[in-house]
file protein.txt (compact mmCIF, C-alpha atoms)
# COMPACT_ATOMS: atom_id res chain seq x y z
CA MET D 16 104.90 112.59 151.49
CA LYS D 17 105.02 112.42 147.72
CA ARG D 18 106.12 116.04 147.48
CA LEU D 19 108.61 116.23 150.33
CA PRO D 20 111.94 117.73 149.22
CA GLU D 21 114.88 115.36 149.08
CA ARG D 22 117.72 115.86 151.53
CA GLY D 23 119.67 119.01 150.67
CA ARG D 24 116.69 120.77 149.08
CA ILE D 25 114.11 123.24 150.31
CA GLY D 26 110.39 122.56 149.90
CA ILE D 27 107.62 125.05 150.63
CA PHE D 28 104.12 123.82 151.39
CA ASN D 29 101.22 126.24 151.27
CA ARG D 30 98.73 124.00 153.08
CA SER D 31 99.87 120.48 153.78
CA TYR D 32 98.96 117.27 155.58
CA TYR D 33 97.70 119.52 158.36
CA GLU D 34 94.51 119.82 156.31
CA ASP D 35 93.84 116.27 157.52
CA VAL D 36 93.33 117.56 161.06
CA LEU D 37 91.75 120.93 160.20
CA VAL D 38 89.05 121.24 157.55
CA VAL D 39 88.01 117.60 158.05
CA LYS D 40 87.76 118.15 161.79
CA VAL D 41 85.36 121.06 161.27
CA HIS D 42 83.46 119.10 158.57
CA PRO D 43 83.87 115.42 159.52
CA GLU D 44 81.29 114.43 156.87
CA ILE D 45 84.10 114.89 154.31
CA LEU D 46 85.75 111.83 155.86
CA ASP D 47 82.82 109.67 154.76
CA GLN D 48 84.07 109.93 151.19
CA HIS D 49 87.60 108.87 152.13
CA GLN D 50 86.86 105.13 152.40
CA LEU D 51 88.58 104.90 155.75
CA PRO D 52 88.36 101.71 157.81
CA PRO D 53 85.30 101.65 160.08
CA GLY D 54 85.75 103.24 163.51
CA GLY D 55 84.85 106.30 165.55
CA ARG D 56 85.76 109.89 164.82
CA GLY D 57 86.33 110.77 168.46
CA ARG D 58 89.32 112.03 170.40
CA LYS D 59 91.32 108.85 169.68
CA PHE D 60 90.89 109.24 165.94
CA TRP D 61 92.33 112.75 165.94
CA GLU D 62 95.08 111.87 168.39
CA ALA D 63 96.21 109.09 166.07
CA ARG D 64 96.48 111.65 163.27
CA TYR D 65 98.47 114.07 165.45
CA ASP D 66 100.76 111.16 166.39
CA ASP D 67 101.28 110.21 162.75
CA ILE D 68 102.20 113.81 161.93
CA ASN D 69 104.62 114.04 164.86
CA GLU D 70 106.26 110.76 163.91
CA LEU D 71 106.66 111.76 160.28
CA GLU D 72 108.25 115.05 161.29
CA ARG D 73 110.55 113.35 163.76
CA HIS D 74 111.61 110.96 161.01
CA LEU D 75 112.37 113.91 158.74
CA GLN D 76 114.28 115.75 161.44
CA ARG D 77 116.34 112.68 162.34
CA ASN D 78 117.32 112.31 158.73
CA GLY D 79 118.47 115.86 158.21
CA THR D 80 115.38 117.83 157.19
CA VAL D 81 114.58 120.91 159.24
CA VAL D 82 110.81 121.34 159.54
CA LEU D 83 109.54 124.92 160.06
CA LYS D 84 105.81 125.43 160.50
CA PHE D 85 104.11 128.81 160.39
CA PHE D 86 100.56 129.59 161.38
CA LEU D 87 99.68 132.96 159.87
CA ASN D 88 97.18 134.26 162.36
CA VAL D 89 94.67 136.58 160.65
CA SER D 90 91.95 138.14 162.82
CA LYS D 91 88.28 137.77 161.98
CA LYS D 92 88.04 141.51 161.40
CA GLU D 93 90.99 141.57 158.98
CA GLN D 94 89.62 138.57 157.10
CA LYS D 95 86.37 140.49 156.52
CA ARG D 96 88.34 143.47 155.23
CA ARG D 97 90.29 141.28 152.80
CA PHE D 98 87.16 139.53 151.50
CA LEU D 99 85.46 142.92 150.92
CA GLU D 100 88.54 144.16 149.10
CA ARG D 101 88.34 141.15 146.79
CA LEU D 102 84.75 142.10 146.01
CA ASP D 103 85.45 145.81 145.60
CA ARG D 104 88.61 145.75 143.52
CA PRO D 105 88.28 144.31 139.99
CA ASP D 106 91.95 143.27 140.01
CA LYS D 107 91.28 141.17 143.14
CA ASN D 108 87.96 139.65 142.03
CA TRP D 109 89.71 136.51 140.76
CA LYS D 110 90.79 135.71 144.31
CA PHE D 111 87.27 135.85 145.71
CA SER D 112 85.53 132.59 146.57
CA ALA D 113 81.99 132.45 147.96
CA ALA D 114 83.02 129.22 149.71
CA ASP D 115 85.57 131.18 151.76
CA VAL D 116 82.81 133.47 153.03
CA ALA D 117 80.58 130.48 153.84
CA GLU D 118 83.43 128.91 155.86
CA ARG D 119 83.60 132.10 157.93
CA ALA D 120 80.44 130.92 159.69
CA CYS D 121 82.58 128.13 161.21
CA TRP D 122 85.21 130.58 162.50
CA ASP D 123 85.05 129.37 166.11
CA GLN D 124 85.26 125.70 165.15
CA TYR D 125 88.29 126.46 162.98
CA MET D 126 89.97 128.32 165.83
CA GLU D 127 89.39 125.31 168.07
CA ALA D 128 90.74 122.92 165.43
CA TYR D 129 93.82 125.14 164.93
CA GLU D 130 94.40 125.35 168.65
CA ASP D 131 94.10 121.59 169.15
CA ALA D 132 96.37 120.83 166.21
CA ILE D 133 99.03 123.39 167.12
CA ARG D 134 99.06 122.23 170.73
CA ALA D 135 99.33 118.54 169.77
CA THR D 136 101.96 118.93 167.06
CA SER D 137 104.23 121.61 168.44
CA THR D 138 107.22 119.44 169.26
CA LYS D 139 110.84 120.02 170.09
CA HIS D 140 111.88 118.68 166.69
CA ALA D 141 109.24 120.64 164.76
CA PRO D 142 107.74 123.60 166.66
CA TRP D 143 104.97 125.82 165.36
CA TYR D 144 105.55 129.53 164.86
CA VAL D 145 102.30 131.41 165.32
CA VAL D 146 102.82 134.67 163.45
CA PRO D 147 100.48 137.66 163.66
CA ALA D 148 99.32 138.16 160.07
CA ASP D 149 97.00 141.16 159.98
CA ASP D 150 99.92 143.25 158.75
CA LYS D 151 101.64 141.53 155.88
CA TRP D 152 104.89 143.45 156.30
CA PHE D 153 105.20 142.09 159.84
CA THR D 154 104.40 138.51 158.82
CA ARG D 155 106.97 138.62 156.06
CA ALA D 156 109.68 140.10 158.26
CA ALA D 157 109.03 137.57 161.02
CA VAL D 158 108.98 134.54 158.72
CA ALA D 159 112.07 135.74 156.84
CA ALA D 160 113.94 136.24 160.13
CA ILE D 161 113.10 132.71 161.29
CA LEU D 162 114.08 131.24 157.92
CA THR D 163 117.41 133.03 157.65
CA THR D 164 118.31 132.41 161.30
CA THR D 165 117.60 128.72 160.80
CA ILE D 166 119.60 128.50 157.59
CA HIS D 167 122.58 130.24 159.22
CA SER D 168 122.38 127.88 162.20
CA LEU D 169 122.96 124.93 159.83
CA ASP D 170 126.52 126.18 159.26
CA LEU D 171 126.38 125.25 155.59
CA LYS D 172 129.58 125.25 153.53
CA TYR D 173 130.46 125.00 149.89
CA PRO D 174 131.73 121.50 149.07
CA GLU D 175 135.47 121.14 149.73
CA VAL D 176 137.62 121.07 146.64
CA THR D 177 139.89 118.02 146.43
CA ASP D 178 143.45 118.14 145.09
CA ALA D 179 142.32 116.20 142.02
CA HIS D 180 139.55 118.70 141.40
CA ARG D 181 141.97 121.60 141.90
CA ALA D 182 144.30 120.07 139.31
CA ALA D 183 141.39 119.76 136.90
CA LEU D 184 140.54 123.43 137.46
CA ALA D 185 144.15 124.42 136.70
CA GLU D 186 144.09 122.37 133.53
CA ALA D 187 140.82 123.93 132.42
CA ARG D 188 142.27 127.39 132.99
CA GLN D 189 145.31 126.53 130.93
CA GLN D 190 143.17 125.20 128.12
CA LEU D 191 141.02 128.34 128.07
CA GLU D 192 144.04 130.62 128.15
CA SER D 193 145.85 128.77 125.37
CA GLU D 194 142.87 129.24 123.03
CA SER D 195 143.63 131.31 120.00
CA ASP D 196 141.41 134.37 120.21
CA HIS D 197 140.97 134.68 116.46
CA MET G 4 106.54 106.70 150.47
CA LYS G 5 106.45 108.18 146.99
CA ARG G 6 105.35 104.88 145.49
CA LEU G 7 102.83 103.72 148.07
CA PRO G 8 99.51 102.70 146.49
CA GLU G 9 96.56 104.98 147.18
CA ARG G 10 93.72 103.63 149.30
CA GLY G 11 91.79 100.97 147.39
CA ARG G 12 94.77 99.90 145.26
CA ILE G 13 97.36 97.17 145.58
CA GLY G 14 101.07 97.94 145.44
CA ILE G 15 103.83 95.36 145.24
CA PHE G 16 107.32 96.24 146.40
CA ASN G 17 110.22 94.03 145.43
CA ARG G 18 112.71 95.47 147.94
CA SER G 19 111.55 98.54 149.83
CA TYR G 20 112.45 100.92 152.64
CA TYR G 21 113.73 97.84 154.47
CA GLU G 22 116.91 98.30 152.43
CA ASP G 23 117.59 101.19 154.82
CA VAL G 24 118.09 98.74 157.67
CA LEU G 25 119.69 95.89 155.71
CA VAL G 26 122.39 96.53 153.12
CA VAL G 27 123.43 99.77 154.87
CA LYS G 28 123.66 97.93 158.18
CA VAL G 29 126.08 95.41 156.66
CA HIS G 30 127.96 98.19 154.83
CA PRO G 31 127.56 101.30 157.02
CA GLU G 32 130.13 103.14 154.89
CA ILE G 33 127.33 103.61 152.33
CA LEU G 34 125.67 105.93 154.84
CA ASP G 35 128.62 108.32 154.57
CA GLN G 36 127.35 109.32 151.13
CA HIS G 37 123.83 110.00 152.39
CA GLN G 38 124.58 113.40 153.95
CA LEU G 39 122.84 112.45 157.16
CA PRO G 40 123.07 114.71 160.21
CA PRO G 41 126.13 113.96 162.37
CA GLY G 42 125.68 111.26 165.01
CA GLY G 43 126.60 107.69 165.87
CA ARG G 44 125.69 104.57 163.93
CA GLY G 45 125.09 102.47 167.02
CA ARG G 46 122.09 100.62 168.37
CA LYS G 47 120.09 103.85 168.82
CA PHE G 48 120.52 104.81 165.19
CA TRP G 49 119.10 101.51 163.95
CA GLU G 50 116.33 101.48 166.54
CA ALA G 51 115.20 104.90 165.35
CA ARG G 52 114.94 103.49 161.83
CA TYR G 53 112.96 100.45 163.00
CA ASP G 54 110.65 102.83 164.90
CA ASP G 55 110.14 104.99 161.83
CA ILE G 56 109.21 101.92 159.81
CA ASN G 57 106.78 100.67 162.45
CA GLU G 58 105.14 104.06 162.72
CA LEU G 59 104.76 104.41 158.96
CA GLU G 60 103.16 100.97 158.74
CA ARG G 61 100.84 101.71 161.65
CA HIS G 62 99.80 104.91 159.91
CA LEU G 63 99.04 102.94 156.74
CA GLN G 64 97.12 100.26 158.61
CA ARG G 65 95.06 102.82 160.53
CA ASN G 66 94.09 104.45 157.29
CA GLY G 67 92.95 101.30 155.54
CA THR G 68 96.06 99.81 153.91
CA VAL G 69 96.87 96.19 154.74
CA VAL G 70 100.63 95.69 154.88
CA LEU G 71 101.91 92.17 154.12
CA LYS G 72 105.64 91.54 154.36
CA PHE G 73 107.35 88.42 153.06
CA PHE G 74 110.90 87.36 153.74
CA LEU G 75 111.81 84.74 151.14
CA ASN G 76 114.31 82.65 153.00
CA VAL G 77 116.83 81.08 150.59
CA SER G 78 119.55 78.86 152.07
CA LYS G 79 123.23 79.51 151.44
CA LYS G 80 123.47 76.19 149.58
CA GLU G 81 120.53 76.98 147.29
CA GLN G 82 121.90 80.46 146.60
CA LYS G 83 125.15 78.88 145.40
CA ARG G 84 123.22 76.50 143.12
CA ARG G 85 121.27 79.43 141.60
CA PHE G 86 124.41 81.51 141.02
CA LEU G 87 126.12 78.55 139.31
CA GLU G 88 123.06 78.02 137.13
CA ARG G 89 123.24 81.67 136.03
CA LEU G 90 126.85 81.04 135.00
CA ASP G 91 126.17 77.69 133.29
CA ARG G 92 123.04 78.50 131.34
CA PRO G 93 123.38 81.09 128.55
CA ASP G 94 119.67 82.03 128.90
CA LYS G 95 120.32 82.90 132.57
CA ASN G 96 123.63 84.72 132.10
CA TRP G 97 121.89 88.11 132.01
CA LYS G 98 120.79 87.61 135.60
CA PHE G 99 124.31 87.00 136.89
CA SER G 100 126.03 89.76 138.84
CA ALA G 101 129.55 89.42 140.23
CA ALA G 102 128.48 91.83 142.99
CA ASP G 103 125.94 89.25 144.19
CA VAL G 104 128.70 86.69 144.61
CA ALA G 105 130.91 89.21 146.42
CA GLU G 106 128.06 89.96 148.85
CA ARG G 107 127.89 86.24 149.66
CA ALA G 108 131.04 86.75 151.72
CA CYS G 109 128.90 88.80 154.12
CA TRP G 110 126.26 86.05 154.47
CA ASP G 111 126.41 85.92 158.27
CA GLN G 112 126.18 89.69 158.67
CA TYR G 113 123.17 89.75 156.36
CA MET G 114 121.48 87.01 158.36
CA GLU G 115 122.06 89.03 161.52
CA ALA G 116 120.70 92.18 159.90
CA TYR G 117 117.63 90.29 158.63
CA GLU G 118 117.02 88.78 162.05
CA ASP G 119 117.32 92.11 163.84
CA ALA G 120 115.05 93.87 161.36
CA ILE G 121 112.40 91.15 161.31
CA ARG G 122 112.35 90.96 165.08
CA ALA G 123 112.08 94.75 165.50
CA THR G 124 109.46 95.33 162.80
CA SER G 125 107.17 92.33 163.15
CA THR G 126 104.18 94.07 164.68
CA LYS G 127 100.55 93.22 165.23
CA HIS G 128 99.52 95.65 162.51
CA ALA G 129 102.18 94.52 160.03
CA PRO G 130 103.70 91.10 160.77
CA TRP G 131 106.47 89.47 158.77
CA TYR G 132 105.92 86.17 157.00
CA VAL G 133 109.18 84.25 156.77
CA VAL G 134 108.66 81.85 153.87
CA PRO G 135 111.02 78.98 153.02
CA ALA G 136 112.18 79.76 149.49
CA ASP G 137 114.52 77.00 148.34
CA ASP G 138 111.62 75.45 146.43
CA LYS G 139 109.90 78.07 144.35
CA TRP G 140 106.63 76.15 144.06
CA PHE G 141 106.32 76.15 147.83
CA THR G 142 107.11 79.85 148.18
CA ARG G 143 104.54 80.73 145.54
CA ALA G 144 101.84 78.57 147.06
CA ALA G 145 102.47 79.95 150.56
CA VAL G 146 102.51 83.61 149.48
CA ALA G 147 99.42 83.14 147.26
CA ALA G 148 97.56 81.51 150.16
CA ILE G 149 98.38 84.40 152.50
CA LEU G 150 97.40 86.96 149.86
CA THR G 151 94.07 85.37 148.98
CA THR G 152 93.17 84.66 152.60
CA THR G 153 93.86 88.29 153.45
CA ILE G 154 91.87 89.63 150.51
CA HIS G 155 88.88 87.41 151.42
CA SER G 156 89.07 88.57 155.03
CA LEU G 157 88.49 92.15 153.86
CA ASP G 158 84.94 91.17 152.88
CA LEU G 159 85.12 93.35 149.77
CA LYS G 160 81.92 94.05 147.81
CA TYR G 161 81.10 95.56 144.45
CA PRO G 162 79.80 99.12 144.86
CA GLU G 163 76.07 99.20 145.56
CA VAL G 164 73.94 100.29 142.62
CA THR G 165 71.66 103.21 143.41
CA ASP G 166 68.11 103.50 142.05
CA ALA G 167 69.25 106.34 139.81
CA HIS G 168 72.05 104.21 138.43
CA ARG G 169 69.67 101.27 137.93
CA ALA G 170 67.34 103.51 135.94
CA ALA G 171 70.27 104.64 133.79
CA LEU G 172 71.16 100.99 133.14
CA ALA G 173 67.57 100.24 132.04
CA GLU G 174 67.63 103.22 129.72
CA ALA G 175 70.92 102.13 128.19
CA ARG G 176 69.50 98.64 127.59
CA GLN G 177 66.44 100.10 125.88
CA GLN G 178 68.60 102.28 123.68
CA LEU G 179 70.78 99.34 122.64
CA GLU G 180 67.78 97.11 121.92
CA SER G 181 65.96 99.74 119.89
CA GLU G 182 68.95 100.07 117.54
CA SER G 183 68.22 99.05 113.97
CA ASP G 184 70.46 96.07 113.22
CA HIS G 185 71.03 97.04 109.57
call {"tool": "encode", "arguments": {"input": "protein.txt", "output": "structure tokens"}}
result
Amino acid sequence: MKRLPERGRIGIFNRSYYEDVLVVKVHPEILDQHQLPPGGRGRKFWEARYDDINELERHLQRNGTVVLKFFLNVSKKEQKRRFLERLDRPDKNWKFSAADVAERACWDQYMEAYEDAIRATSTKHAPWYVVPADDKWFTRAAVAAILTTTIHSLDLKYPEVTDAHRAALAEARQQLESESDH
Amino acid sequence: MKRLPERGRIGIFNRSYYEDVLVVKVHPEILDQHQLPPGGRGRKFWEARYDDINELERHLQRNGTVVLKFFLNVSKKEQKRRFLERLDRPDKNWKFSAADVAERACWDQYMEAYEDAIRATSTKHAPWYVVPADDKWFTRAAVAAILTTTIHSLDLKYPEVTDAHRAALAEARQQLESESDH
């Protein structure tokens, strides 16, 4: 919420409030450090979070923000290849995190959490785009196509110039042209 | 949203997002500068805003923030007295604003907007307290009573000291006591 772009601007979130229904769903013990009010961590708890997300996004949409959500779907096999590449190539070592490999053990739970979240928060006002992501060129082309199509659909225009503004432009031109060049 | 206190902290808002259903409801022409998506400004528009507010406050309450809302109800007669005092007393002149007096002409519309908003957003999870405010001593006593009663009801406790922490405290005491005083 703190980082949402103001109306008329574009914001890009790499990860977002969706973390609050993903990593914490796979590792609910993280929630114990969040000083939440007492209460269960069952279906109702997660549904309340999905609702809050849907309501926030509806609020944004109603007030003129277009929300586009992309799930970049990397296969388990491709993830392994990328991790190995980070180990093998010195120029990619910096990107390697042992924690990422450890999390791979929870692959199935993550898939379930993704599925639940995408199903519960794919709404008319803010749908999810699930984009195959094993081939980066495809991911980029697909996301770019969705972005540009959406931007064009907004029918954006340059601000209209008023007569007063036009007069000011004419005056500025005159002033510039009357300048002595020496 | 940007200024909401994090969990475990207290935030005080003097005016808030309720402005978005009050002054703009009395003067809807202000909305024309907000670059909102096209659409009517009828009952549905305002109900969507009340909904958004209720959903935000429910989200906060679910996640451990207590929301207390006070409407300080000043009578039209008392408002006049306060404005005149700001004009009469040099040490209060700084507080005077001609715009405030101009807005007084819309008193009835403001009352209607307040009533509508309070009715629509007084929920179980975040009720409104309408506090008589012609006498400041009364307002202060009433608000303080509600605040302290609410804080006590939270049954807050100092963090529990672990054995490890207790040992560290004992060590610190020993170190302080063993200091040479000269």
call {"tool": "interface_residues", "arguments": {"input": "protein.txt", "of": "chain G", "to": "chain D", "cutoff": "6 Å", "atoms": "all atoms listed in the file", "output": "PyMOL selection string"}}
result
chain G and resi 5+39-40+66-67
call {"tool": "residues_near_point", "arguments": {"input": "protein.txt", "point": "(121.1, 77.8, 152.7)", "cutoff": "12 Å", "atoms": "only C-alpha atoms", "output": "list in words"}}
result
Leu75, Asn76, Val77, Ser78, Lys79, Lys80, Glu81, Gln82, Lys83, Arg84, Arg85, Arg107, Trp110, Asp111, Met114, Pro135, Ala136, Asp137 and Asp138 of chain G
call {"tool": "residues_around", "arguments": {"input": "protein.txt", "residues": "region 145-157 of chain G", "least_positions_apart": "5", "cutoff": "10 Å", "atoms": "all atoms listed in the file", "output": "PyMOL selection string"}}
result
chain G and resi 69+71-73+75+132-136+139-140
call {"tool": "atom_distance", "arguments": {"input": "protein.txt", "atom1": "CA of Ala116 (chain G)", "atom2": "CA of Lys28 (chain G)"}}
result
6.7 Å
call {"tool": "atom_distance", "arguments": {"input": "protein.txt", "atom1": "CA of Asp115 (chain D)", "atom2": "CA of Asp47 (chain D)"}}
result
21.9 Å
call {"tool": "atom_distance", "arguments": {"input": "protein.txt", "atom1": "CA of Arg24 (chain D)", "atom2": "CA of Lys139 (chain D)"}}
result
21.8 Å
call {"tool": "closest_residue", "arguments": {"input": "protein.txt", "among": "G:Thr126, G:Glu88, G:Tyr53, G:Tyr117", "to": "Leu25 (chain G)", "atoms": "only C-alpha atoms"}}
result
G:Tyr117
call {"tool": "residues_around", "arguments": {"input": "protein.txt", "residues": "Ser112 (chain D)", "least_positions_apart": "6", "cutoff": "12 Å", "atoms": "only C-alpha atoms", "output": "list in words"}}
result
Arg97, Phe98, Leu99, Arg101, Leu102, Glu118 and Arg119 of chain D
call {"tool": "axis_aligned_box", "arguments": {"input": "protein.txt", "around": "region 87-93 of chain G", "padding_each_side": "5 Å", "output": "JSON"}}
result
{"center_x": 124.9, "center_y": 79.7, "center_z": 133.9, "size_x": 13.8, "size_y": 14.0, "size_z": 20.8}
call {"tool": "closest_residue", "arguments": {"input": "protein.txt", "among": "D:Phe86, D:Asp35, D:Ile27, D:Gly57", "to": "Arg134 (chain D)", "atoms": "all atoms listed in the file"}}
result
D:Phe86
